[in-house]
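A.B. asks: Sharing a structure below in structure tokens format, with a few things to ask.
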Amino acid sequence: MKITVKLFAIFRNDRFKIEDRDYPNETTVGDVLTSLDIDGPELGVALINGRHVTKETVVTEGQTLALFPKVGGG
Amino acid sequence: MNRIFRVNMKDLTCKIEEVPEAWAGHGGRGLTSNIVAAEVPPTCHPLGPNNKLVFAPGLLTGTPAAQSGRMSAGAKSPLTGGIKESNAGGTSAQQFAKLGIKAMIIEDQPEAGKWYELHVNNNGVTFHDASALKGVQNFDVIAAMEEKYNPKIGVCTIGIPGEERLLSANISVKDSDHKIRSHGRGGLGAVMGSKGIKVITIDDSAGKRVTIADPEKFRAAAKIFAKAMLDHPVTGEGLPIYGTNVLINILNEAGGLPPKNFRYGQCEHHDKVSGETMHDVIASRGGSTKHGCHAGCIIQCSQVYVDENKEYITSGFEYETVWGLGINCMIESLDDCARIDNAMDNIGIDSIEGAVLLGVAMEAGVLPWGDGKEALRIMNEEIGKATPLGRILGNGTKSVGDAYGLTRVPIVKGQGIPAYDPRSVKGIGITYATSTMGADHTAGYAIATNILQVGGHIDPLQKEGQVELSRNLSIATAAIDSCGMCIFIAFPALDIPECLPALIDMINARYDISLDGDDVVALGKSILKTEKAFNDAAGFTNADDRLPEFFELETVSPHNAIWDFSPAEIDEFWNF
């Protein structure tokens with residue numbers, strides 16, 4: 001299945017900003033992180049369609065997954 | 001720090017007083033708010049003789065504690081009509097601490113048309129005619145004072161909007177690079193102008209190092225505290241690399257980034273003004289992606305933004321300002337936004353209020369959406385010169401909305417709402433509604449838990465848990481604001497268990513006292529209650545703890561979220 005992955009802040013270094021990528025069915029957010037060589041604890045926020053999800057969340061065909069390291073400001 | 005400088009602007013005197021017992025345990029916001037509550041009649045006109053302008057460094061300011069160099073300024077706000085504390089970096093806080101000044105209280109006012117420079121040194125305050133500086137904007141005032149004294153002189157100044165008592169006017173504080181940090185919110189520049197003070201200069205050459213009761217204990221705690229700053233990914237990595245503007249993209253993804261005067265929750269051109277883009281622009285032009293607002297800052301979230309010829313455009317270019325100009329006003333050129341930010345520094349208006357009022361002015365048709373060049377002209381030529389239009393605009397978001405008969409006017413208690421849509425990030429909506437300061441994201445930064453998943457996670461779209469979250473953050477923030485600490489210490493404090501105890505240990509070691517966590521919570525609660533009592537006595541009621549009606553009438557995309565807290569639910573905030 002195809003999903004769109006968006007990366008932000010230092011996750012973009014040596015990777016990409018946005019990419020359509022192929023994954024098998026039942027792929028989780030954690031599986032996507034592994035495929036990108038991002039360690040679980042580095043993850044700050046994962047959003048699918050603007051909603052917070054966890055590493056265990058299963059991604060489905062056509063969804064957009066946005067991945068952020070731990071960031072803050074204000 | 002054991003002295004209070006009490007300045008009277010009517011008879012041009014300065015008395016040096018001992019610190020009363022009741023104020024000994026206070027600093028920063030806790031001290032300014034307690035002084036204002038004790039000495040300013042709540043119903044007084046904020047621009048009249050009975051208001052007082054108070055400056056106070058924090059409890060830890062002047063020590064080697066990382067992040068402790070913030071100065072609090074307080075008064076009755078002419079923008080909100082309630083109590084105000086606004087804290088800033090720059091050099092003034094540490095200079096006051098070195099001079100042993102726990103607070104400077106400025107009272108009364110001279111006859112109209114008189115302008116003074118207040119010169120603060122170890123012996124007190126002297127008064128100098130500043131009529132030659134009338135009509136001079138901030139950067140030139142700083143240059144003139146450095147010329148008059150030396151490059152290390154501390155400077156707090158107002159531009160023409162402050163002289164003309166416009167309600168968005170701020171107090172600009174010189175930083176170590178001769179640029180500007182700001183007591184931004186609440187119109188404190190107008191209060192300074194109403195007292196005939198054009199500039200305050202600070203000579204700390206006869207000052208002494210701050211004494212610490214137990215230096216060894218202090219050193220040990222300071223080390224743990226600094227390590228927490230560097231170890232936490234937000235303060236150790238994200239903020240130093242991208243600055244606060246790293247928030248543009250995450251708020252956009254989450255649907256909490258409001259463009260075009262709070263019409264939507266996402267913005268198509270967000271990446272043009274994002275923190276990642278800003279970092280790349282600064283790095284490619286040879287600017288500086290890291291910069292601290294005060295000596296001793298190890299987070300370095302600020303930056304120096306330059307043009308293609310490496311010439312300075314602005315610094316301290318924060319997320320809320322970039323949101324306000326780049327997203328709220330739809331100005332897609334980051335360079336234009338940076339030039340407007342610099343203009344707001346120079347004329348001396350709050351860059352949040354300035355950007356929010358500009359959005360309402362665009363709504364009114366005063367200028368087209370996205371027109372950065374016209375926005376810059378308006379800053380310099382209208383608000384900056386206090387023309388009739390400049391006065392309507394420069395008196396803040398509410399003034400613009402009133403003048404043009406609009407209903408989409410994002411304010412609470414008269415102060416412009418910043419950068420985060422309260423319908424889709426509900427925790428921050430509770431903070432906006434209930435803050436004693438008017439709409440103020442820093443008062444209880446629920447974004448941390450709603451969006452950034454720092455200190456746990458509460459779904460930004462659900463109502464459950466938001467009031468309690470906002471209340472707890474607001475109590476903690478009032479205490480942190482009393483230490484002279486940068487609010488960003490909250491990120492490690494929420495996640496790293498050793499951080500907050502180390503902060504308390506530093507206070508204990510500094511003063512030879514034995515506070516514990518409960519005492520700090522009690523301090524935060526007491527500050528909030530003191531501020532609320534002042535506001536109540538000034539005429540505020542529960543009905544002032546509300547968001548503008550349009551948030552209840554219009555849903556915001558992409559989540560179709562609406563503001564749906566009942567009055568009783570909001571009022572639960574004060575149940576402590």
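Residue numbering restarts at 1 in every chain; chains get A, B, ... in the order shown in the structure tokens, and ligands count up from 1 in that same order.
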Got a sec to pull out which chain A residues are within 7 Å of chain B, counting only C-alpha atoms, and send them as a list of chain:residue names?

C.D. replies: A:Ala9, A:Gly44, A:Val45, A:Gly50, A:Arg51, A:Lys70, A:Val71, A:Gly72, A:Gly73, A:Gly74

A.B. asks: With a distance cut-off of 7 Å and only C-alpha atoms, select the neighbouring residues of region 356-359 of chain B, excluding the residue or stretch itself and same-chain residues fewer than 5 positions from it, and output the selection as a list of chain:residue names.

C.D. replies: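 Contacts, in chain order: B:Lys260, B:Asn261, B:Gly324, B:Asn328, B:Cys329, B:Leu393, B:Gly396, B:Thr397, B:Val400, B:Gly416.
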
A.B. asks: Can you pull out every residue within 12 Å of Asn123 (chain B), counting only C-alpha atoms, but drop anything in the same chain fewer than 4 positions away, and send it as a ChimeraX atom specification?

C.D. replies: /B:3-5,14-16,99-101,119,202-207

A.B. asks: Residues of region 69-285 of chain B classed as strand (DSSP E or B) by DSSP on the backbone are to be reported as a ChimeraX atom specification.

C.D. replies: /B:71-76,83-88,101-107,116-121,124-129,154-157,169,171-174,180-183,197-202

A.B. asks: So which residues touch region 130-142 of chain B within 6 Å, counting only C-alpha atoms, skipping near sequence neighbours fewer than 4 positions away, as a ChimeraX atom specification?

C.D. replies: /B:115-117,159-160,346-347

A.B. asks: I'd like the neighbourhood of Met1 (chain A) as an MDAnalysis selection string, where a residue qualifies if any of its atoms comes within 6 Å (using only C-alpha atoms), though same-chain residues fewer than 6 positions away should be ignored.

C.D. replies: chainID A and resid 22:24 61

A.B. asks: Ranking A:Thr57, A:Leu65, A:Leu36, A:Ala46 by minimum distance to Arg12 (chain A) and counting only C-alpha atoms, which one comes first?

C.D. replies: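 Comparing A:Thr57, A:Leu65, A:Leu36, A:Ala46 against Arg12 (chain A), the winner is A:Leu36.
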
A.B. asks: For a quick check of understanding, using only C-alpha atoms, which of A:Arg15, A:Leu47, A:His52, A:Thr27 has the smallest distance to Lys2 (chain A)?

C.D. replies: A:Thr27

A.B. asks: May I ask for the distance between CA of Val59 (chain A) and CA of Asp31 (chain A), given in Å to one decimal place?

C.D. replies: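 A separation of 9.6 Å between them.
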
A.B. asks: Might you pull out every residue within 9 Å of Glu56 (chain A), with only C-alpha atoms counted and same-chain residues fewer than 2 positions away left off, and present them as a list in words?

C.D. replies: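 Close residues of Glu56 (chain A): Thr28, Val29, Gly30, Asp31, Val53, Thr54 and Val58 of chain A.
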
A.B. asks: Counting only C-alpha atoms, which of B:Ile378, B:Ile475, B:Leu325, B:Ile212 gets nearest to Ala522 (chain B)?

C.D. replies: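 Under the stated criterion, the closest residue is B:Ile475.
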
A.B. asks: When you draw a straight line from CA of Val191 (chain B) to CA of Ala88 (chain B), how long is it in Å?

C.D. replies: 16.5 Å

A.B. asks: Kindly give the distance, in Å, that separates CA of Glu216 (chain B) and CA of Ala97 (chain B), rounded to a single decimal.

C.D. replies: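 Computing the Euclidean distance for CA of Glu216 (chain B) and CA of Ala97 (chain B) yields 20.5 Å.
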